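Okay, coords-v3.txt now, which holds compact mmCIF, N, CA and C atoms:
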```
# COMPACT_ATOMS: atom_id res chain seq x y z
N MET A 24 -42.65 -12.39 -4.31
CA MET A 24 -43.08 -11.23 -3.54
C MET A 24 -44.57 -11.38 -3.22
N THR A 25 -44.93 -11.12 -1.99
CA THR A 25 -46.31 -11.22 -1.53
C THR A 25 -46.92 -9.82 -1.46
N ARG A 26 -48.18 -9.73 -1.78
CA ARG A 26 -48.90 -8.46 -1.71
C ARG A 26 -50.09 -8.63 -0.79
N ALA A 27 -50.20 -7.73 0.18
CA ALA A 27 -51.32 -7.76 1.11
C ALA A 27 -51.88 -6.34 1.24
N ARG A 28 -53.16 -6.25 1.49
CA ARG A 28 -53.78 -4.95 1.75
C ARG A 28 -54.16 -4.90 3.22
N VAL A 29 -53.77 -3.79 3.87
CA VAL A 29 -54.06 -3.61 5.29
C VAL A 29 -54.90 -2.35 5.44
N ARG A 30 -56.07 -2.49 6.01
CA ARG A 30 -57.00 -1.35 6.14
C ARG A 30 -56.48 -0.34 7.15
N VAL A 31 -56.58 0.93 6.79
CA VAL A 31 -56.23 2.03 7.69
C VAL A 31 -57.48 2.36 8.48
N ASP A 32 -57.49 2.02 9.77
CA ASP A 32 -58.65 2.29 10.63
C ASP A 32 -58.76 3.78 10.90
N ASP A 33 -59.95 4.30 10.86
CA ASP A 33 -60.26 5.69 11.19
C ASP A 33 -59.28 6.70 10.55
N PRO A 34 -59.20 6.72 9.22
CA PRO A 34 -58.29 7.65 8.56
C PRO A 34 -58.64 9.11 8.84
N HIS A 35 -59.90 9.40 9.13
CA HIS A 35 -60.30 10.79 9.41
C HIS A 35 -59.80 11.24 10.78
N GLY A 36 -59.42 10.29 11.62
CA GLY A 36 -58.86 10.62 12.92
C GLY A 36 -57.39 11.05 12.85
N ILE A 37 -56.80 10.93 11.67
CA ILE A 37 -55.43 11.39 11.45
C ILE A 37 -55.52 12.77 10.83
N GLY A 38 -55.37 13.79 11.64
CA GLY A 38 -55.47 15.17 11.16
C GLY A 38 -54.21 15.60 10.43
N PRO A 39 -54.26 16.78 9.80
CA PRO A 39 -53.05 17.31 9.15
C PRO A 39 -51.89 17.38 10.15
N CYS A 40 -50.72 16.97 9.68
CA CYS A 40 -49.49 16.96 10.48
C CYS A 40 -49.59 16.03 11.68
N HIS A 41 -50.27 14.90 11.49
CA HIS A 41 -50.36 13.86 12.50
C HIS A 41 -49.96 12.53 11.86
N ALA A 42 -49.49 11.61 12.68
CA ALA A 42 -49.05 10.30 12.19
C ALA A 42 -49.36 9.24 13.22
N ARG A 43 -49.49 8.01 12.73
CA ARG A 43 -49.64 6.87 13.64
C ARG A 43 -49.14 5.61 12.95
N ALA A 44 -48.89 4.60 13.77
CA ALA A 44 -48.39 3.32 13.28
C ALA A 44 -49.54 2.43 12.83
N LEU A 45 -49.25 1.59 11.86
CA LEU A 45 -50.20 0.59 11.38
C LEU A 45 -49.44 -0.74 11.29
N PRO A 46 -49.85 -1.75 12.07
CA PRO A 46 -49.16 -3.05 12.00
C PRO A 46 -49.32 -3.67 10.61
N LEU A 47 -48.24 -4.25 10.13
CA LEU A 47 -48.23 -4.97 8.86
C LEU A 47 -47.97 -6.45 9.14
N GLN A 48 -48.03 -7.26 8.10
CA GLN A 48 -47.68 -8.66 8.26
C GLN A 48 -46.22 -8.78 8.68
N ARG A 49 -45.91 -9.82 9.42
CA ARG A 49 -44.53 -10.04 9.85
C ARG A 49 -43.64 -10.29 8.63
N GLY A 50 -42.37 -9.94 8.80
CA GLY A 50 -41.39 -10.13 7.74
C GLY A 50 -41.05 -11.61 7.55
N PRO A 51 -40.19 -11.90 6.57
CA PRO A 51 -39.85 -13.29 6.25
C PRO A 51 -39.28 -14.08 7.44
N GLN A 52 -38.54 -13.44 8.32
CA GLN A 52 -38.00 -14.13 9.49
C GLN A 52 -38.91 -13.96 10.71
N GLY A 53 -40.14 -13.52 10.50
CA GLY A 53 -41.08 -13.36 11.61
C GLY A 53 -40.93 -12.06 12.36
N THR A 54 -40.14 -11.13 11.84
CA THR A 54 -39.93 -9.86 12.53
C THR A 54 -41.15 -8.95 12.36
N PRO A 55 -41.52 -8.23 13.43
CA PRO A 55 -42.65 -7.29 13.33
C PRO A 55 -42.34 -6.18 12.34
N ARG A 56 -43.36 -5.73 11.66
CA ARG A 56 -43.23 -4.63 10.70
C ARG A 56 -44.39 -3.67 10.90
N GLN A 57 -44.13 -2.38 10.62
CA GLN A 57 -45.17 -1.36 10.74
C GLN A 57 -45.06 -0.38 9.58
N ALA A 58 -46.20 0.20 9.28
CA ALA A 58 -46.24 1.36 8.39
C ALA A 58 -46.45 2.59 9.26
N ILE A 59 -46.00 3.72 8.77
CA ILE A 59 -46.33 5.02 9.35
C ILE A 59 -47.38 5.62 8.43
N ILE A 60 -48.53 5.96 8.98
CA ILE A 60 -49.57 6.65 8.22
C ILE A 60 -49.52 8.10 8.68
N VAL A 61 -49.32 9.02 7.74
CA VAL A 61 -49.17 10.42 8.09
C VAL A 61 -50.00 11.26 7.12
N ARG A 62 -50.56 12.33 7.64
CA ARG A 62 -51.29 13.29 6.80
C ARG A 62 -50.47 14.56 6.77
N ASP A 63 -50.15 15.03 5.57
CA ASP A 63 -49.33 16.24 5.44
C ASP A 63 -50.17 17.50 5.66
N VAL A 64 -49.53 18.65 5.60
CA VAL A 64 -50.20 19.92 5.87
C VAL A 64 -51.33 20.20 4.86
N GLN A 65 -51.24 19.63 3.66
CA GLN A 65 -52.28 19.79 2.64
C GLN A 65 -53.47 18.85 2.87
N GLY A 66 -53.31 17.90 3.81
CA GLY A 66 -54.38 16.96 4.10
C GLY A 66 -54.27 15.64 3.36
N THR A 67 -53.17 15.43 2.63
CA THR A 67 -52.98 14.21 1.87
C THR A 67 -52.40 13.12 2.77
N LEU A 68 -52.95 11.93 2.65
CA LEU A 68 -52.50 10.79 3.43
C LEU A 68 -51.32 10.12 2.71
N HIS A 69 -50.29 9.72 3.48
CA HIS A 69 -49.12 9.04 2.95
C HIS A 69 -48.83 7.85 3.85
N ALA A 70 -48.15 6.85 3.28
CA ALA A 70 -47.73 5.68 4.06
C ALA A 70 -46.27 5.36 3.75
N TYR A 71 -45.51 5.09 4.81
CA TYR A 71 -44.10 4.73 4.69
C TYR A 71 -43.83 3.54 5.59
N LEU A 72 -42.84 2.76 5.22
CA LEU A 72 -42.38 1.70 6.09
C LEU A 72 -41.68 2.33 7.29
N ASN A 73 -41.97 1.86 8.48
CA ASN A 73 -41.40 2.43 9.70
C ASN A 73 -39.98 1.90 9.91
N VAL A 74 -39.07 2.34 9.04
CA VAL A 74 -37.67 1.94 9.10
C VAL A 74 -36.82 3.14 8.68
N CYS A 75 -35.92 3.57 9.56
CA CYS A 75 -35.01 4.67 9.25
C CYS A 75 -34.07 4.26 8.12
N MET A 76 -33.70 5.19 7.27
CA MET A 76 -32.80 4.90 6.16
C MET A 76 -31.33 4.93 6.58
N HIS A 77 -31.03 5.38 7.78
CA HIS A 77 -29.66 5.38 8.28
C HIS A 77 -29.30 3.99 8.81
N MET A 78 -30.14 3.46 9.67
CA MET A 78 -30.01 2.10 10.19
C MET A 78 -31.40 1.49 10.21
N PRO A 79 -31.53 0.19 9.99
CA PRO A 79 -32.86 -0.42 9.90
C PRO A 79 -33.54 -0.60 11.26
N ILE A 80 -33.95 0.53 11.84
CA ILE A 80 -34.67 0.53 13.11
C ILE A 80 -35.91 1.40 12.96
N PRO A 81 -36.94 1.20 13.79
CA PRO A 81 -38.15 2.02 13.71
C PRO A 81 -37.85 3.48 14.03
N LEU A 82 -38.49 4.38 13.28
CA LEU A 82 -38.29 5.82 13.51
C LEU A 82 -38.67 6.22 14.93
N ASP A 83 -39.74 5.66 15.44
CA ASP A 83 -40.26 6.07 16.75
C ASP A 83 -39.60 5.35 17.91
N ALA A 84 -38.64 4.46 17.63
CA ALA A 84 -37.98 3.66 18.67
C ALA A 84 -39.01 2.91 19.54
N GLY A 85 -40.16 2.61 18.95
CA GLY A 85 -41.19 1.85 19.65
C GLY A 85 -42.15 2.68 20.48
N GLY A 86 -41.96 4.00 20.53
CA GLY A 86 -42.77 4.84 21.40
C GLY A 86 -44.02 5.45 20.76
N GLY A 87 -44.17 5.29 19.44
CA GLY A 87 -45.36 5.82 18.78
C GLY A 87 -45.32 7.30 18.45
N ASP A 88 -44.20 7.96 18.71
CA ASP A 88 -44.07 9.39 18.42
C ASP A 88 -43.18 9.56 17.18
N PHE A 89 -43.80 9.93 16.07
CA PHE A 89 -43.10 9.98 14.78
C PHE A 89 -42.70 11.38 14.35
N LEU A 90 -43.27 12.41 14.94
CA LEU A 90 -43.12 13.76 14.40
C LEU A 90 -42.13 14.61 15.18
N SER A 91 -41.55 15.57 14.45
CA SER A 91 -40.68 16.56 15.08
C SER A 91 -41.53 17.41 16.03
N PRO A 92 -40.90 18.13 16.97
CA PRO A 92 -41.67 18.96 17.90
C PRO A 92 -42.59 19.96 17.21
N GLU A 93 -42.18 20.44 16.04
CA GLU A 93 -43.00 21.41 15.28
C GLU A 93 -44.10 20.71 14.46
N ARG A 94 -44.07 19.37 14.41
CA ARG A 94 -45.01 18.55 13.65
C ARG A 94 -44.91 18.80 12.15
N THR A 95 -43.74 19.17 11.68
CA THR A 95 -43.54 19.46 10.26
C THR A 95 -42.78 18.37 9.53
N HIS A 96 -42.17 17.43 10.28
CA HIS A 96 -41.36 16.38 9.68
C HIS A 96 -41.50 15.09 10.49
N LEU A 97 -41.23 13.98 9.83
CA LEU A 97 -41.05 12.72 10.53
C LEU A 97 -39.64 12.73 11.09
N LEU A 98 -39.44 12.18 12.28
CA LEU A 98 -38.16 12.28 12.96
C LEU A 98 -37.74 10.92 13.51
N CYS A 99 -36.51 10.51 13.22
CA CYS A 99 -35.95 9.30 13.81
C CYS A 99 -35.52 9.64 15.23
N ARG A 100 -36.11 8.99 16.21
CA ARG A 100 -35.84 9.26 17.62
C ARG A 100 -34.44 8.81 18.04
N THR A 101 -33.83 7.94 17.27
CA THR A 101 -32.50 7.43 17.64
C THR A 101 -31.38 8.30 17.07
N HIS A 102 -31.47 8.66 15.80
CA HIS A 102 -30.36 9.35 15.13
C HIS A 102 -30.67 10.77 14.71
N GLY A 103 -31.92 11.20 14.83
CA GLY A 103 -32.28 12.57 14.47
C GLY A 103 -32.50 12.79 12.99
N ALA A 104 -32.52 11.74 12.19
CA ALA A 104 -32.82 11.93 10.77
C ALA A 104 -34.21 12.56 10.64
N THR A 105 -34.32 13.56 9.77
CA THR A 105 -35.55 14.34 9.63
C THR A 105 -36.07 14.19 8.20
N TYR A 106 -37.30 13.70 8.06
CA TYR A 106 -37.89 13.38 6.76
C TYR A 106 -39.11 14.25 6.49
N ARG A 107 -39.27 14.69 5.24
CA ARG A 107 -40.46 15.45 4.86
C ARG A 107 -41.70 14.56 4.89
N LEU A 108 -42.81 15.13 5.31
CA LEU A 108 -44.07 14.38 5.38
C LEU A 108 -44.56 13.97 4.00
N GLU A 109 -44.44 14.87 3.02
CA GLU A 109 -45.08 14.67 1.73
C GLU A 109 -44.37 13.66 0.82
N ASP A 110 -43.08 13.41 1.02
CA ASP A 110 -42.39 12.47 0.14
C ASP A 110 -41.37 11.58 0.85
N GLY A 111 -41.21 11.74 2.15
CA GLY A 111 -40.31 10.89 2.91
C GLY A 111 -38.83 11.16 2.70
N LEU A 112 -38.48 12.26 2.04
CA LEU A 112 -37.08 12.59 1.78
C LEU A 112 -36.40 13.07 3.05
N CYS A 113 -35.22 12.51 3.35
CA CYS A 113 -34.44 12.94 4.52
C CYS A 113 -33.76 14.26 4.18
N VAL A 114 -34.10 15.30 4.93
CA VAL A 114 -33.55 16.64 4.68
C VAL A 114 -32.49 17.03 5.70
N ARG A 115 -32.31 16.22 6.74
CA ARG A 115 -31.32 16.51 7.76
C ARG A 115 -30.96 15.21 8.48
N GLY A 116 -29.68 15.02 8.73
CA GLY A 116 -29.25 13.85 9.48
C GLY A 116 -28.33 12.94 8.70
N PRO A 117 -28.02 11.77 9.26
CA PRO A 117 -27.02 10.89 8.68
C PRO A 117 -27.40 10.25 7.34
N CYS A 118 -28.65 10.30 6.96
CA CYS A 118 -29.06 9.71 5.68
C CYS A 118 -29.64 10.77 4.74
N GLN A 119 -29.18 12.01 4.88
CA GLN A 119 -29.68 13.11 4.06
C GLN A 119 -29.63 12.75 2.58
N GLY A 120 -30.74 13.02 1.89
CA GLY A 120 -30.85 12.73 0.47
C GLY A 120 -31.52 11.40 0.16
N ARG A 121 -31.64 10.53 1.13
CA ARG A 121 -32.33 9.26 0.93
C ARG A 121 -33.78 9.40 1.36
N SER A 122 -34.64 8.52 0.87
CA SER A 122 -36.07 8.59 1.19
C SER A 122 -36.55 7.34 1.89
N LEU A 123 -37.52 7.53 2.77
CA LEU A 123 -38.20 6.40 3.38
C LEU A 123 -38.84 5.54 2.30
N VAL A 124 -39.07 4.27 2.60
CA VAL A 124 -39.75 3.38 1.66
C VAL A 124 -41.23 3.74 1.66
N ARG A 125 -41.70 4.21 0.52
CA ARG A 125 -43.11 4.59 0.37
C ARG A 125 -43.94 3.33 0.14
N LEU A 126 -45.09 3.28 0.80
CA LEU A 126 -46.05 2.21 0.60
C LEU A 126 -47.26 2.80 -0.12
N ASP A 127 -47.74 2.10 -1.12
CA ASP A 127 -48.89 2.59 -1.86
C ASP A 127 -50.15 2.53 -1.02
N LEU A 128 -51.03 3.47 -1.26
CA LEU A 128 -52.37 3.48 -0.67
C LEU A 128 -53.36 3.18 -1.77
N ALA A 129 -54.27 2.26 -1.51
CA ALA A 129 -55.35 1.93 -2.44
C ALA A 129 -56.66 2.23 -1.74
N TRP A 130 -57.65 2.63 -2.50
CA TRP A 130 -58.95 2.97 -1.93
C TRP A 130 -59.98 1.96 -2.41
N HIS A 131 -60.79 1.47 -1.46
CA HIS A 131 -61.85 0.54 -1.78
C HIS A 131 -63.07 0.93 -0.96
N ASN A 132 -64.19 1.21 -1.62
CA ASN A 132 -65.42 1.64 -0.95
C ASN A 132 -65.16 2.84 -0.04
N GLY A 133 -64.31 3.76 -0.48
CA GLY A 133 -64.03 4.97 0.28
C GLY A 133 -63.08 4.81 1.44
N GLU A 134 -62.53 3.60 1.62
CA GLU A 134 -61.62 3.32 2.72
C GLU A 134 -60.20 3.13 2.19
N PRO A 135 -59.20 3.73 2.87
CA PRO A 135 -57.82 3.53 2.43
C PRO A 135 -57.22 2.24 2.96
N TYR A 136 -56.40 1.62 2.14
CA TYR A 136 -55.65 0.42 2.49
C TYR A 136 -54.20 0.63 2.11
N VAL A 137 -53.30 0.18 2.95
CA VAL A 137 -51.88 0.17 2.61
C VAL A 137 -51.63 -1.10 1.80
N VAL A 138 -50.98 -0.94 0.65
CA VAL A 138 -50.58 -2.08 -0.16
C VAL A 138 -49.18 -2.46 0.30
N ASP A 139 -49.08 -3.58 0.96
CA ASP A 139 -47.83 -4.04 1.56
C ASP A 139 -47.18 -5.08 0.66
N LEU A 140 -46.00 -4.77 0.18
CA LEU A 140 -45.24 -5.70 -0.64
C LEU A 140 -44.04 -6.18 0.17
N PHE A 141 -43.89 -7.45 0.27
CA PHE A 141 -42.73 -7.99 0.99
C PHE A 141 -42.33 -9.31 0.41
```
Would you mind writing the file out in structure tokens?
Amino acid sequence: MTRARVRVDDPHGIGPCHARALPLQRGPQGTPRQAIIVRDVQGTLHAYLNVCMHMPIPLDAGGGDFLSPERTHLLCRTHGATYRLEDGLCVRGPCQGRSLVRLDLAWHNGEPYVVDLF
């Protein structure tokens, strides 16, 4: 297993109930991978692998839009699976009860980094 740290650029630009993609190292077969960086309503930063738990596809379907219209949940644009911001738990949809893959955040010199294990 390989461990890499990927810096989260401009974390202060991610306001509460906002999310954005962060490119990660390519997977073992050279496939692109991304993290979702999201700040919950309390202001806490979280990171998840950008892969729906129903089928292994990106939540945003490549469009960069991760949130429900109310900005209260992460939303799979393909299947409608709805995940809580604070823990990635699917609360509605075909994978209800399963959670997104959480990625650890590490802090160095006041800057957050996603700890990517693959």
Have a look at A:Thr101, A:Ser122, A:Asn73, A:Gln48 and name the one nearest to Val61 (chain A); count only C-alpha atoms.
-> A:Asn73
Residue neighbourhood region 102-115 of chain A, 7 Å, all atoms listed in the file, exclusion window fewer than 3 positions, as a PyMOL selection string | chain A and resi 61-64+69+95-99+118-124
Write the residues you've just listed into a file as a PDB file, in the frame of the given file, and include N, CA and C atoms for each of them.
```pdb
ATOM      1  N   VAL A  61     -49.320   9.020   7.740  1.00  0.00           N
ATOM      2  CA  VAL A  61     -49.170  10.420   8.090  1.00  0.00           C
ATOM      3  C   VAL A  61     -50.000  11.260   7.120  1.00  0.00           C
ATOM      4  N   ARG A  62     -50.560  12.330   7.640  1.00  0.00           N
ATOM      5  CA  ARG A  62     -51.290  13.290   6.800  1.00  0.00           C
ATOM      6  C   ARG A  62     -50.470  14.560   6.770  1.00  0.00           C
ATOM      7  N   ASP A  63     -50.150  15.030   5.570  1.00  0.00           N
ATOM      8  CA  ASP A  63     -49.330  16.240   5.440  1.00  0.00           C
ATOM      9  C   ASP A  63     -50.170  17.500   5.660  1.00  0.00           C
ATOM     10  N   VAL A  64     -49.530  18.650   5.600  1.00  0.00           N
ATOM     11  CA  VAL A  64     -50.200  19.920   5.870  1.00  0.00           C
ATOM     12  C   VAL A  64     -51.330  20.200   4.860  1.00  0.00           C
ATOM     13  N   HIS A  69     -50.290   9.720   3.480  1.00  0.00           N
ATOM     14  CA  HIS A  69     -49.120   9.040   2.950  1.00  0.00           C
ATOM     15  C   HIS A  69     -48.830   7.850   3.850  1.00  0.00           C
ATOM     16  N   THR A  95     -43.740  19.170  11.680  1.00  0.00           N
ATOM     17  CA  THR A  95     -43.540  19.460  10.260  1.00  0.00           C
ATOM     18  C   THR A  95     -42.780  18.370   9.530  1.00  0.00           C
ATOM     19  N   HIS A  96     -42.170  17.430  10.280  1.00  0.00           N
ATOM     20  CA  HIS A  96     -41.360  16.380   9.680  1.00  0.00           C
ATOM     21  C   HIS A  96     -41.500  15.090  10.490  1.00  0.00           C
ATOM     22  N   LEU A  97     -41.230  13.980   9.830  1.00  0.00           N
ATOM     23  CA  LEU A  97     -41.050  12.720  10.530  1.00  0.00           C
ATOM     24  C   LEU A  97     -39.640  12.730  11.090  1.00  0.00           C
ATOM     25  N   LEU A  98     -39.440  12.180  12.280  1.00  0.00           N
ATOM     26  CA  LEU A  98     -38.160  12.280  12.960  1.00  0.00           C
ATOM     27  C   LEU A  98     -37.740  10.920  13.510  1.00  0.00           C
ATOM     28  N   CYS A  99     -36.510  10.510  13.220  1.00  0.00           N
ATOM     29  CA  CYS A  99     -35.950   9.300  13.810  1.00  0.00           C
ATOM     30  C   CYS A  99     -35.520   9.640  15.230  1.00  0.00           C
ATOM     31  N   CYS A 118     -28.650  10.300   6.960  1.00  0.00           N
ATOM     32  CA  CYS A 118     -29.060   9.710   5.680  1.00  0.00           C
ATOM     33  C   CYS A 118     -29.640  10.770   4.740  1.00  0.00           C
ATOM     34  N   GLN A 119     -29.180  12.010   4.880  1.00  0.00           N
ATOM     35  CA  GLN A 119     -29.680  13.110   4.060  1.00  0.00           C
ATOM     36  C   GLN A 119     -29.630  12.750   2.580  1.00  0.00           C
ATOM     37  N   GLY A 120     -30.740  13.020   1.890  1.00  0.00           N
ATOM     38  CA  GLY A 120     -30.850  12.730   0.470  1.00  0.00           C
ATOM     39  C   GLY A 120     -31.520  11.400   0.160  1.00  0.00           C
ATOM     40  N   ARG A 121     -31.640  10.530   1.130  1.00  0.00           N
ATOM     41  CA  ARG A 121     -32.330   9.260   0.930  1.00  0.00           C
ATOM     42  C   ARG A 121     -33.780   9.400   1.360  1.00  0.00           C
ATOM     43  N   SER A 122     -34.640   8.520   0.870  1.00  0.00           N
ATOM     44  CA  SER A 122     -36.070   8.590   1.190  1.00  0.00           C
ATOM     45  C   SER A 122     -36.550   7.340   1.890  1.00  0.00           C
ATOM     46  N   LEU A 123     -37.520   7.530   2.770  1.00  0.00           N
ATOM     47  CA  LEU A 123     -38.200   6.400   3.380  1.00  0.00           C
ATOM     48  C   LEU A 123     -38.840   5.540   2.300  1.00  0.00           C
ATOM     49  N   VAL A 124     -39.070   4.270   2.600  1.00  0.00           N
ATOM     50  CA  VAL A 124     -39.750   3.380   1.660  1.00  0.00           C
ATOM     51  C   VAL A 124     -41.230   3.740   1.660  1.00  0.00           C
TER      52      VAL A 124
END
```
Residue nearest Arg94 (chain A) - candidates A:Ala27, A:Cys40, A:Asp32, A:His131, atoms counted: only N, CA and C atoms | A:Cys40
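Of the residues under consideration (A:Leu47, A:Ala70, A:Cys75, A:Thr54), A:Ala70 shows the shortest atom-to-atom contact distance to Leu128 (chain A) when counting only N, CA and C atoms.
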Between A:Pro51, A:Ala58, A:Gln65, A:Pro117, which is the closest to Met78 (chain A) once you count only C-alpha atoms?
-> A:Pro117
Within 8 Å of Asp139 (chain A) using only N, CA and C atoms, minus same-chain residues under 2 positions, as a PyMOL selection string = chain A and resi 24-29+47-48+126-128+136-137+141
In Å, how far is it from atom C of Arg49 (chain A) to CA of Gly36 (chain A)?
-> 26.2 Å
May I have the residues within 7 Å of Gly87 (chain A) as a list in words, using all atoms listed in the file and disregarding those fewer than 4 positions away in the same chain?
->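 Residues near the query, excluding close chain neighbours: Ala42, Arg43, Ala44 and Asp83 of chain A.
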Could those selected residues go to a file with N, CA and C atoms, as an mmCIF file, keeping the file's coordinate frame?
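And here's part-v3.cif as it stands now:
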```
data_model
loop_
_atom_site.group_PDB
_atom_site.id
_atom_site.type_symbol
_atom_site.label_atom_id
_atom_site.label_comp_id
_atom_site.auth_asym_id
_atom_site.auth_seq_id
_atom_site.Cartn_x
_atom_site.Cartn_y
_atom_site.Cartn_z
ATOM 1 N N ALA A 42 -49.490 11.610 12.680
ATOM 2 C CA ALA A 42 -49.050 10.300 12.190
ATOM 3 C C ALA A 42 -49.360 9.240 13.220
ATOM 4 N N ARG A 43 -49.490 8.010 12.730
ATOM 5 C CA ARG A 43 -49.640 6.870 13.640
ATOM 6 C C ARG A 43 -49.140 5.610 12.950
ATOM 7 N N ALA A 44 -48.890 4.600 13.770
ATOM 8 C CA ALA A 44 -48.390 3.320 13.280
ATOM 9 C C ALA A 44 -49.540 2.430 12.830
ATOM 10 N N ASP A 83 -39.740 5.660 15.440
ATOM 11 C CA ASP A 83 -40.260 6.070 16.750
ATOM 12 C C ASP A 83 -39.600 5.350 17.910
#
```
Give me every strand (DSSP E or B) residue in region 42-90 of chain A, going by DSSP on the backbone, as a PyMOL selection string.
-> chain A and resi 42-47+56-62+68-72+90
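CA of Pro39 (chain A) to atom C of Ile80 (chain A) spans 23.7 Å [interatomic distance, one decimal].
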Mind checking which residues fall within 12 Å of Asp33 (chain A), counting only C-alpha atoms, ignoring those fewer than 4 positions away in the same chain, and posting them as number ranges by chain?
-> A: 37-38, 43, 45, 60, 133-136
Can you work out the spacing between CA of Arg56 (chain A) and atom N of Pro92 (chain A) in Å, to one decimal?
->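 CA of Arg56 (chain A) sits 23.7 Å away from atom N of Pro92 (chain A).
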Centre and size of axis-aligned box enclosing region 66-72 of chain A plus 8 Å each side, as JSON:
```
{"center_x": -48.0, "center_y": 9.8, "center_z": 4.6, "size_x": 28.7, "size_y": 32.2, "size_z": 21.4}
```
Give the answer as one residue: which of A:His41, A:Pro34, A:Gly66, A:Gln57 has the shortest atom-to-atom distance to Glu93 (chain A), using only C-alpha atoms?
->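 The shortest atom-to-atom distance to Glu93 (chain A) comes from A:His41.
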